[in-house]
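Source file: protein23.txt; contents: compact mmCIF, C-alpha atoms and all ligand atoms.
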# COMPACT_ATOMS: atom_id res chain seq x y z
CA MET A 1 14.12 14.99 -22.35
CA LYS A 2 13.63 15.43 -18.64
CA ASP A 3 15.95 17.99 -17.06
CA LYS A 4 18.36 16.84 -14.42
CA ILE A 5 17.79 19.16 -11.46
CA LEU A 6 19.91 19.58 -8.34
CA LEU A 7 18.66 21.19 -5.14
CA PHE A 8 21.41 22.88 -3.15
CA ILE A 9 20.70 23.82 0.46
CA PRO A 10 23.40 25.94 2.12
CA MET A 11 23.49 25.26 5.84
CA TYR A 12 25.20 27.28 8.52
CA ASN A 13 24.14 27.12 12.15
CA CYS A 14 20.50 26.42 11.52
CA GLU A 15 19.95 23.04 13.17
CA LYS A 16 16.41 23.97 14.17
CA GLN A 17 15.35 25.17 10.74
CA ILE A 18 17.12 22.66 8.48
CA VAL A 19 14.70 19.85 9.31
CA ARG A 20 11.78 22.10 8.43
CA VAL A 21 13.43 22.82 5.08
CA LEU A 22 13.84 19.09 4.42
CA GLY A 23 10.21 18.75 5.46
CA GLN A 24 9.26 20.96 2.50
CA LEU A 25 10.42 18.23 0.12
CA ASN A 26 7.18 16.38 -0.42
CA GLN A 27 6.40 13.82 -3.10
CA GLU A 28 5.26 16.45 -5.59
CA VAL A 29 8.45 18.50 -5.27
CA LEU A 30 10.64 15.40 -5.36
CA LYS A 31 9.23 14.50 -8.78
CA TYR A 32 11.38 17.29 -10.17
CA LEU A 33 14.53 16.86 -8.11
CA ASP A 34 17.18 14.33 -9.01
CA GLU A 35 19.34 15.02 -6.01
CA VAL A 36 19.55 17.22 -2.93
CA ILE A 37 22.82 18.42 -1.46
CA VAL A 38 22.97 19.99 1.97
CA ALA A 39 26.23 21.93 2.09
CA ASN A 40 27.40 22.38 5.65
CA ASN A 41 29.61 25.41 5.78
CA ARG A 42 31.40 24.36 8.97
CA SER A 43 28.47 24.95 11.29
CA THR A 44 29.25 25.03 14.98
CA ASP A 45 25.90 23.56 15.97
CA ASP A 46 24.44 20.09 15.44
CA GLY A 47 23.00 20.68 11.98
CA GLU A 48 24.68 17.60 10.53
CA GLN A 49 23.19 15.30 13.13
CA ALA A 50 19.78 16.89 12.58
CA VAL A 51 19.99 16.11 8.85
CA ILE A 52 21.16 12.54 9.42
CA LYS A 53 18.42 11.91 11.95
CA TYR A 54 15.82 13.28 9.56
CA CYS A 55 17.11 11.09 6.74
CA ASP A 56 16.86 8.01 8.98
CA ARG A 57 13.14 8.57 9.03
CA TYR A 58 12.82 9.41 5.35
CA SER A 59 15.06 7.01 3.55
CA GLU A 60 13.52 7.87 0.18
CA LEU A 61 15.02 11.37 0.22
CA PRO A 62 17.92 11.54 -2.26
CA VAL A 63 20.03 13.63 0.12
CA LYS A 64 23.79 13.96 0.24
CA MET A 65 25.57 16.05 2.82
CA LEU A 66 28.72 17.94 1.98
CA ARG A 67 31.03 19.58 4.46
CA ASN A 68 33.18 22.41 3.17
CA ILE A 69 36.90 21.95 3.78
CA GLU A 70 36.83 25.32 5.48
CA ASN A 71 34.22 28.01 6.09
CA TYR A 72 33.86 29.54 2.64
CA GLY A 73 30.97 31.90 3.43
CA LEU A 74 27.64 31.76 1.64
CA GLY A 75 29.17 32.80 -1.69
CA GLY A 76 31.89 30.18 -1.36
CA SER A 77 29.27 27.56 -0.61
CA HIS A 78 27.56 28.51 -3.88
CA LYS A 79 30.88 27.94 -5.66
CA VAL A 80 31.14 24.46 -4.13
CA ALA A 81 27.61 23.64 -5.25
CA PHE A 82 28.02 25.12 -8.75
CA GLU A 83 31.12 22.99 -9.23
CA TYR A 84 29.20 19.94 -8.08
CA ALA A 85 26.39 20.69 -10.52
CA ILE A 86 28.82 21.12 -13.43
CA LYS A 87 30.83 17.97 -12.63
CA ASN A 88 27.74 15.84 -12.24
CA GLU A 89 26.13 17.15 -15.40
CA PHE A 90 23.02 18.70 -13.97
CA ASP A 91 20.92 20.92 -16.24
CA TYR A 92 19.65 23.20 -13.48
CA ILE A 93 20.51 24.02 -9.90
CA ILE A 94 18.00 25.36 -7.39
CA VAL A 95 19.33 27.19 -4.33
CA LEU A 96 17.20 27.16 -1.18
CA HIS A 97 18.55 28.61 2.07
CA GLY A 98 18.77 26.18 4.95
CA ASP A 99 17.23 28.48 7.53
CA ASP A 100 13.63 28.00 6.43
CA GLN A 101 12.86 31.57 5.45
CA GLY A 102 11.64 30.61 2.01
CA ASP A 103 9.59 27.77 0.66
CA ILE A 104 10.33 25.60 -2.33
CA ALA A 105 6.58 25.41 -2.95
CA ASN A 106 6.90 28.90 -4.47
CA ILE A 107 8.87 27.56 -7.43
CA LEU A 108 6.83 24.38 -7.84
CA PRO A 109 4.23 25.82 -10.25
CA TYR A 110 7.03 26.82 -12.63
CA LEU A 111 8.65 23.40 -12.38
CA GLN A 112 5.28 21.89 -13.24
CA SER A 113 4.65 24.23 -16.18
CA GLY A 114 8.26 24.10 -17.39
CA GLU A 115 8.46 27.90 -17.45
CA TYR A 116 11.89 27.88 -15.77
CA LYS A 117 13.34 26.49 -19.01
CA ASN A 118 12.94 29.88 -20.68
CA TYR A 119 15.55 31.56 -18.49
CA ASP A 120 19.18 31.29 -17.45
CA CYS A 121 18.39 32.74 -14.05
CA PHE A 122 15.02 32.30 -12.45
CA LEU A 123 15.21 34.31 -9.28
CA GLY A 124 12.89 34.45 -6.28
CA ALA A 125 11.96 38.00 -5.31
CA ARG A 126 10.67 39.40 -2.04
CA PHE A 127 9.76 42.78 -3.45
CA ILE A 128 7.67 42.06 -6.53
CA LYS A 129 3.91 42.01 -7.05
CA GLY A 130 2.54 38.85 -5.48
CA SER A 131 5.33 38.37 -2.95
CA LYS A 132 4.67 38.33 0.78
CA LEU A 133 6.91 39.29 3.67
CA ASP A 134 6.49 38.24 7.28
CA GLY A 135 8.49 39.90 10.04
CA TYR A 136 10.08 42.65 7.90
CA SER A 137 9.88 46.25 9.09
CA LYS A 138 8.54 48.98 6.79
CA PHE A 139 11.98 50.59 6.85
CA ARG A 140 13.74 47.42 5.76
CA THR A 141 11.28 46.87 2.95
CA PHE A 142 11.63 50.48 1.81
CA GLY A 143 15.43 50.31 1.89
CA ASN A 144 15.41 47.17 -0.20
CA LYS A 145 13.12 48.73 -2.78
CA VAL A 146 15.37 51.75 -3.11
CA PHE A 147 18.36 49.49 -3.67
CA ASN A 148 16.43 47.49 -6.22
CA ILE A 149 15.96 50.70 -8.20
CA PHE A 150 19.67 51.51 -8.00
CA PHE A 151 20.55 48.03 -9.21
CA SER A 152 17.95 48.21 -11.97
CA ILE A 153 19.73 51.27 -13.31
CA GLY A 154 23.15 49.62 -13.03
CA CYS A 155 22.07 46.27 -14.43
CA ARG A 156 19.79 47.67 -17.16
CA PHE A 157 17.01 45.24 -16.28
CA TRP A 158 14.38 45.42 -13.54
CA VAL A 159 15.72 44.05 -10.31
CA TYR A 160 13.19 42.98 -7.68
CA ASP A 161 15.57 41.47 -5.15
CA LEU A 162 19.33 41.73 -4.56
CA GLY A 163 19.45 38.13 -3.49
CA SER A 164 16.75 36.03 -1.95
CA GLY A 165 17.11 32.51 -0.66
CA LEU A 166 15.31 30.77 -3.51
CA ASN A 167 16.88 30.87 -6.96
CA MET A 168 17.35 28.63 -9.97
CA TYR A 169 20.18 28.72 -12.50
CA LYS A 170 20.79 26.97 -15.77
CA VAL A 171 24.06 25.10 -15.25
CA ASP A 172 25.27 25.97 -18.78
CA ILE A 173 25.86 29.61 -17.80
CA LEU A 174 27.99 28.54 -14.83
CA LYS A 175 30.44 26.50 -16.86
CA ASP A 176 32.80 29.39 -17.61
CA ARG A 177 33.02 30.09 -13.84
CA PHE A 178 32.35 33.79 -14.36
CA TYR A 179 31.59 34.05 -10.62
CA LYS A 180 34.89 32.62 -9.39
CA LYS A 181 36.38 35.92 -8.16
CA TYR A 182 33.20 37.34 -6.66
CA LYS A 183 33.07 37.92 -2.93
CA ASP A 184 32.52 34.80 -0.85
CA ASN A 185 30.25 36.35 1.74
CA LEU A 186 26.58 37.28 1.73
CA VAL A 187 27.11 39.95 -0.96
CA PHE A 188 27.79 37.21 -3.52
CA ASN A 189 24.28 37.45 -4.95
CA CYS A 190 24.70 41.16 -5.74
CA TYR A 191 27.78 40.31 -7.78
CA MET A 192 25.84 37.60 -9.55
CA LEU A 193 23.31 40.21 -10.69
CA LEU A 194 26.09 42.35 -12.14
CA GLY A 195 27.46 39.28 -13.88
CA HIS A 196 24.03 38.44 -15.33
CA SER A 197 23.85 41.96 -16.69
CA PHE A 198 27.32 41.98 -18.20
CA TYR A 199 27.15 38.53 -19.78
CA ARG A 200 23.55 39.09 -20.87
CA HIS A 201 22.05 36.11 -19.14
CA SER A 202 18.28 36.01 -19.36
CA VAL A 203 16.82 36.83 -15.98
CA LYS A 204 13.30 36.51 -14.66
CA PHE A 205 12.05 37.21 -11.15
CA PHE A 206 9.12 35.41 -9.57
CA PRO A 207 7.29 36.28 -6.31
CA ILE A 208 8.06 34.38 -3.14
CA ILE A 209 6.85 34.26 0.43
CA TRP A 210 9.61 35.06 2.91
CA ARG A 211 9.50 34.93 6.69
CA GLU A 212 11.71 35.97 9.51
CA GLU A 213 10.65 34.20 12.70
CA ASP A 214 13.31 32.35 14.66
CA GLN A 215 16.11 32.91 12.15
CA VAL A 216 19.17 34.94 12.91
CA SER A 217 20.12 37.26 10.11
CA ASN A 218 23.82 37.85 9.71
CA VAL A 219 23.35 40.84 7.50
CA ARG A 220 24.40 44.08 9.16
CA MET A 221 22.06 46.40 7.39
CA THR A 222 23.87 49.71 7.28
CA SER A 223 27.36 48.44 6.56
CA GLN A 224 25.97 46.13 3.91
CA ALA A 225 24.10 49.04 2.34
CA TRP A 226 27.31 50.98 1.88
CA THR A 227 29.27 48.02 0.57
CA THR A 228 26.51 47.30 -1.90
CA LEU A 229 26.25 50.86 -3.12
CA LYS A 230 30.01 51.13 -3.58
CA LEU A 231 30.25 47.97 -5.60
CA LEU A 232 27.39 49.04 -7.83
CA LEU A 233 28.99 52.42 -8.54
CA SER A 234 32.37 50.86 -9.30
CA PHE A 235 30.68 48.45 -11.66
CA MET A 236 28.82 51.23 -13.47
CA PHE A 237 32.04 53.21 -13.84
CA ASN A 238 33.83 50.43 -15.72
CA ARG A 239 31.77 47.27 -16.10
CA LYS A 240 34.32 45.08 -17.78
CA LYS A 241 37.26 46.01 -15.64
CA TYR A 242 35.29 45.74 -12.42
CA LEU A 243 33.98 42.26 -13.09
CA SER A 244 37.33 40.86 -14.14
CA GLN A 245 38.94 42.01 -10.89
CA GLU A 246 39.61 39.95 -7.80
CA HIS A 247 36.96 40.70 -5.16
CA ARG A 248 37.70 38.12 -2.52
CA ASP A 249 39.37 38.86 0.79
CA LYS A 250 41.05 35.49 0.65
CA ILE A 251 41.94 33.63 -2.53
CA VAL A 252 40.76 30.05 -2.67
CA GLU A 253 42.05 27.92 -5.56
CA ASP A 254 39.49 25.14 -5.31
CA TYR A 255 36.29 25.27 -3.36
CA THR A 256 36.13 21.74 -2.10
CA ALA A 257 33.95 19.74 0.23
CA ASP A 258 33.86 16.21 1.58
CA ILE A 259 30.79 14.09 1.12
CA ILE A 260 30.11 13.03 4.66
CA PHE A 261 26.73 11.40 4.36
CA GLU A 262 24.58 9.87 1.67
CA ASN A 263 21.05 8.74 2.31
CA ASN A 264 20.25 5.28 1.03
CA HIS A 265 17.27 6.02 -1.04
CA GLU A 266 15.10 3.13 -2.02
CA THR A 267 13.19 4.65 -4.88
CA GLU A 268 14.87 6.04 -7.93
CA ASN A 269 13.01 8.16 -10.44
N1 LIG A 301 25.66 33.98 7.51
C1 LIG A 301 26.10 32.91 6.86
N2 LIG A 301 25.22 32.13 6.26
C2 LIG A 301 25.67 31.05 5.61
C3 LIG A 301 27.04 30.75 5.54
N3 LIG A 301 27.20 29.63 4.83
C4 LIG A 301 25.98 29.23 4.49
N4 LIG A 301 25.03 30.07 4.98
C5 LIG A 301 23.58 29.95 4.78
O1 LIG A 301 23.16 31.08 4.02
C6 LIG A 301 21.82 31.42 4.28
C7 LIG A 301 21.65 32.93 4.46
O2 LIG A 301 22.30 33.43 5.56
P1 LIG A 301 21.57 34.42 6.58
O3 LIG A 301 22.55 34.77 7.62
O4 LIG A 301 20.31 33.79 7.02
O5 LIG A 301 21.27 35.73 5.70
P2 LIG A 301 19.88 36.46 5.39
O6 LIG A 301 18.80 35.46 5.41
O7 LIG A 301 20.09 37.07 4.04
O8 LIG A 301 19.71 37.48 6.46
C8 LIG A 301 21.39 30.57 5.46
O9 LIG A 301 20.64 29.50 4.95
C9 LIG A 301 22.69 30.07 6.03
O10 LIG A 301 22.49 28.81 6.63
C10 LIG A 301 27.98 31.60 6.19
O11 LIG A 301 29.18 31.40 6.16
N5 LIG A 301 27.45 32.67 6.84
MG MG A 302 18.44 33.83 6.50

Turn the structure described in the file into structure tokens.
Ligand SMILES: Nc1nc2c(ncn2[C@@H]2O[C@H](COP(=O)(O)OP(=O)(O)O)[C@@H](O)[C@H]2O)c(=O)[nH]1
Ligand SMILES: [Mg+2]
Amino acid sequence: MKDKILLFIPMYNCEKQIVRVLGQLNQEVLKYLDEVIVANNRSTDDGEQAVIKYCDRYSELPVKMLRNIENYGLGGSHKVAFEYAIKNEFDYIIVLHGDDQGDIANILPYLQSGEYKNYDCFLGARFIKGSKLDGYSKFRTFGNKVFNIFFSIGCRFWVYDLGSGLNMYKVDILKDRFYKKYKDNLVFNCYMLLGHSFYRHSVKFFPIIWREEDQVSNVRMTSQAWTTLKLLLSFMFNRKKYLSQEHRDKIVEDYTADIIFENNHETEN
């Protein structure tokens, strides 16, 4: 049976890039996607209008736009989307950042071959053989590789990226909401890796092309490095206890969003 696949695009202040991301969704890619949700995390720019305008021109795009009830951070936006995927009985969810640093074309060959079906987590990696980085300094690349080694030791599987902007998850593994108490900010993906290790999800990394051109990164490199190292060490010290703890700065009972726009698509496949 054909898998039901959701594409989730987190959007936060990237009105210029979001239309380019939607532009990546060509006929070939759309063959594999049942629905696309753009999750606006309370952007302060005109991202929503940009999406609506784009959809006016491409009425065949099965796009829905969600607006988080409050700014939940990138991790919180994942929680909104995971919930949506579970409720609407999707088999897989693909995450693609809204700021056009990655390209969904990088996962297309695996959608075509069906290879993604073999894994719970099929994760895009910027630091694996075959990947390509544009606009990254040597220092940044080096730092990332060192952290990948640390995480490989802690996770007990090879880690090639602590969290890129192109990932695919089997919805079945999300149903127990193991990620609910993980941090809601940009470090969320690091926690996910620890969770994959602890719950023995099957993980596979694939190479991606990643660019940094007109995007604004919100990652503060040095402070993030420390935070990341500390959380890894705490995890290694007591895996079970660490993962069952509360990690959020602010407790949110339900990560909710309003559906504010739905494209009238003519063709259904
Ligand atoms: N920084 C940030 N990004 C968010 C948030 N919510 C969603 N995003 C999206 O998350 C993605 C990654 O954020 P970004 O700042 O580009 O981080 P980086 O690419 O890892 O340096 C982008 O697509 C953002 O649009 C948020 O609250 N803060
Ligand atoms: Mg980015």

**Message:** Show me, as a PyMOL selection string, the residues that have an atom within 9 Å of segment 63-72 of chain A when counting all atoms listed in the file, minus same-chain residues fewer than 4 positions from it.
**Reply:** chain A and resi 35-43+48+51-52+55+59+76-77+79-80+184-185+252+255-265

Just-selected residues, C-alpha atoms written as a PDB file, in the frame of the given file:
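Wrote again.pdb, looks like this:
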ATOM      1  CA  GLU A  35      19.340  15.020  -6.010  1.00  0.00           C
ATOM      2  CA  VAL A  36      19.550  17.220  -2.930  1.00  0.00           C
ATOM      3  CA  ILE A  37      22.820  18.420  -1.460  1.00  0.00           C
ATOM      4  CA  VAL A  38      22.970  19.990   1.970  1.00  0.00           C
ATOM      5  CA  ALA A  39      26.230  21.930   2.090  1.00  0.00           C
ATOM      6  CA  ASN A  40      27.400  22.380   5.650  1.00  0.00           C
ATOM      7  CA  ASN A  41      29.610  25.410   5.780  1.00  0.00           C
ATOM      8  CA  ARG A  42      31.400  24.360   8.970  1.00  0.00           C
ATOM      9  CA  SER A  43      28.470  24.950  11.290  1.00  0.00           C
ATOM     10  CA  GLU A  48      24.680  17.600  10.530  1.00  0.00           C
ATOM     11  CA  VAL A  51      19.990  16.110   8.850  1.00  0.00           C
ATOM     12  CA  ILE A  52      21.160  12.540   9.420  1.00  0.00           C
ATOM     13  CA  CYS A  55      17.110  11.090   6.740  1.00  0.00           C
ATOM     14  CA  SER A  59      15.060   7.010   3.550  1.00  0.00           C
ATOM     15  CA  GLY A  76      31.890  30.180  -1.360  1.00  0.00           C
ATOM     16  CA  SER A  77      29.270  27.560  -0.610  1.00  0.00           C
ATOM     17  CA  LYS A  79      30.880  27.940  -5.660  1.00  0.00           C
ATOM     18  CA  VAL A  80      31.140  24.460  -4.130  1.00  0.00           C
ATOM     19  CA  ASP A 184      32.520  34.800  -0.850  1.00  0.00           C
ATOM     20  CA  ASN A 185      30.250  36.350   1.740  1.00  0.00           C
ATOM     21  CA  VAL A 252      40.760  30.050  -2.670  1.00  0.00           C
ATOM     22  CA  TYR A 255      36.290  25.270  -3.360  1.00  0.00           C
ATOM     23  CA  THR A 256      36.130  21.740  -2.100  1.00  0.00           C
ATOM     24  CA  ALA A 257      33.950  19.740   0.230  1.00  0.00           C
ATOM     25  CA  ASP A 258      33.860  16.210   1.580  1.00  0.00           C
ATOM     26  CA  ILE A 259      30.790  14.090   1.120  1.00  0.00           C
ATOM     27  CA  ILE A 260      30.110  13.030   4.660  1.00  0.00           C
ATOM     28  CA  PHE A 261      26.730  11.400   4.360  1.00  0.00           C
ATOM     29  CA  GLU A 262      24.580   9.870   1.670  1.00  0.00           C
ATOM     30  CA  ASN A 263      21.050   8.740   2.310  1.00  0.00           C
ATOM     31  CA  ASN A 264      20.250   5.280   1.030  1.00  0.00           C
ATOM     32  CA  HIS A 265      17.270   6.020  -1.040  1.00  0.00           C
TER      33      HIS A 265
END

**Request:** Can you tell me which residues come within 9 Å of ligand LIG 301 (chain A) when counting all atoms listed in the file, ideally as a ChimeraX atom specification?
**Result:** /A:9-14,17-18,39-43,71-78,96-101,163-165,184-186,212,215-220

**Item:** For atom CA of Leu229 of chain A and atom CA of Lys181 of chain A, the interatomic separation in Å (one decimal)
**Value:** 18.7 Å

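Atom pair atom CA of Thr44 of chain A / atom CA of Leu22 of chain A has a distance of 19.6 Å (rounded to one decimal).
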
**Request:** Can you pull out every residue within 12 Å of Gly130 of chain A, counting all atoms listed in the file, but drop anything in the same chain fewer than 2 positions away, and send it as a PyMOL selection string?
**Result:** chain A and resi 106+124-128+132-133+160+205-210

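For the pair atom CA of Ser113 of chain A and atom CA of Phe82 of chain A, the separation is 24.5 Å.
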
**Prompt:** From the set A:Ile93, A:Leu111, A:Leu166, A:Leu33, which residue has the shortest atom-to-atom contact distance to ligand MG 302 (chain A), counting all atoms listed in the file?
**Reply:** A:Leu166

**Request:** Would you mind listing what lies within 12 Å of segment 234-240 of chain A as a VMD selection string, with all atoms listed in the file counted and same-chain residues fewer than 4 positions away left out?
**Result:** chain A and resid 150 to 156 178 190 to 191 193 to 199 227 to 230 244 to 245 247

**Message:** So, with only C-alpha atoms and all ligand atoms as the atoms that count, which of A:Glu213, A:Leu25, A:Lys241, A:Gln49 lies closest to ligand MG 302 (chain A)?
**Reply:** A:Glu213

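Residues lying within 8 Å of Gln24 of chain A, counting all atoms listed in the file and ignoring same-chain neighbours fewer than 5 positions away, are Asp103, Ile104 and Ala105 of chain A.
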
**Prompt:** Between A:Leu233, A:Asp214, A:Tyr119, A:Ile149, which is the closest to Lys16 of chain A once you count all atoms listed in the file?
**Reply:** A:Asp214

**For ligand MG 302 (chain A), the nearest of the candidates A:Arg211, A:Asp120, A:Leu6, A:Lys183, counting all atoms listed in the file** = A:Arg211

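When only C-alpha atoms and all ligand atoms are used to compute distances to ligand MG 302 (chain A), the closest of the residues A:Val95, A:Asn189, A:Phe142, A:Gly102 turns out to be A:Gly102.
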
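Taking all atoms listed in the file into account, Asp161 of chain A lies nearest to A:Val203 out of the set A:Val203, A:Ile173, A:Leu30, A:Val19.
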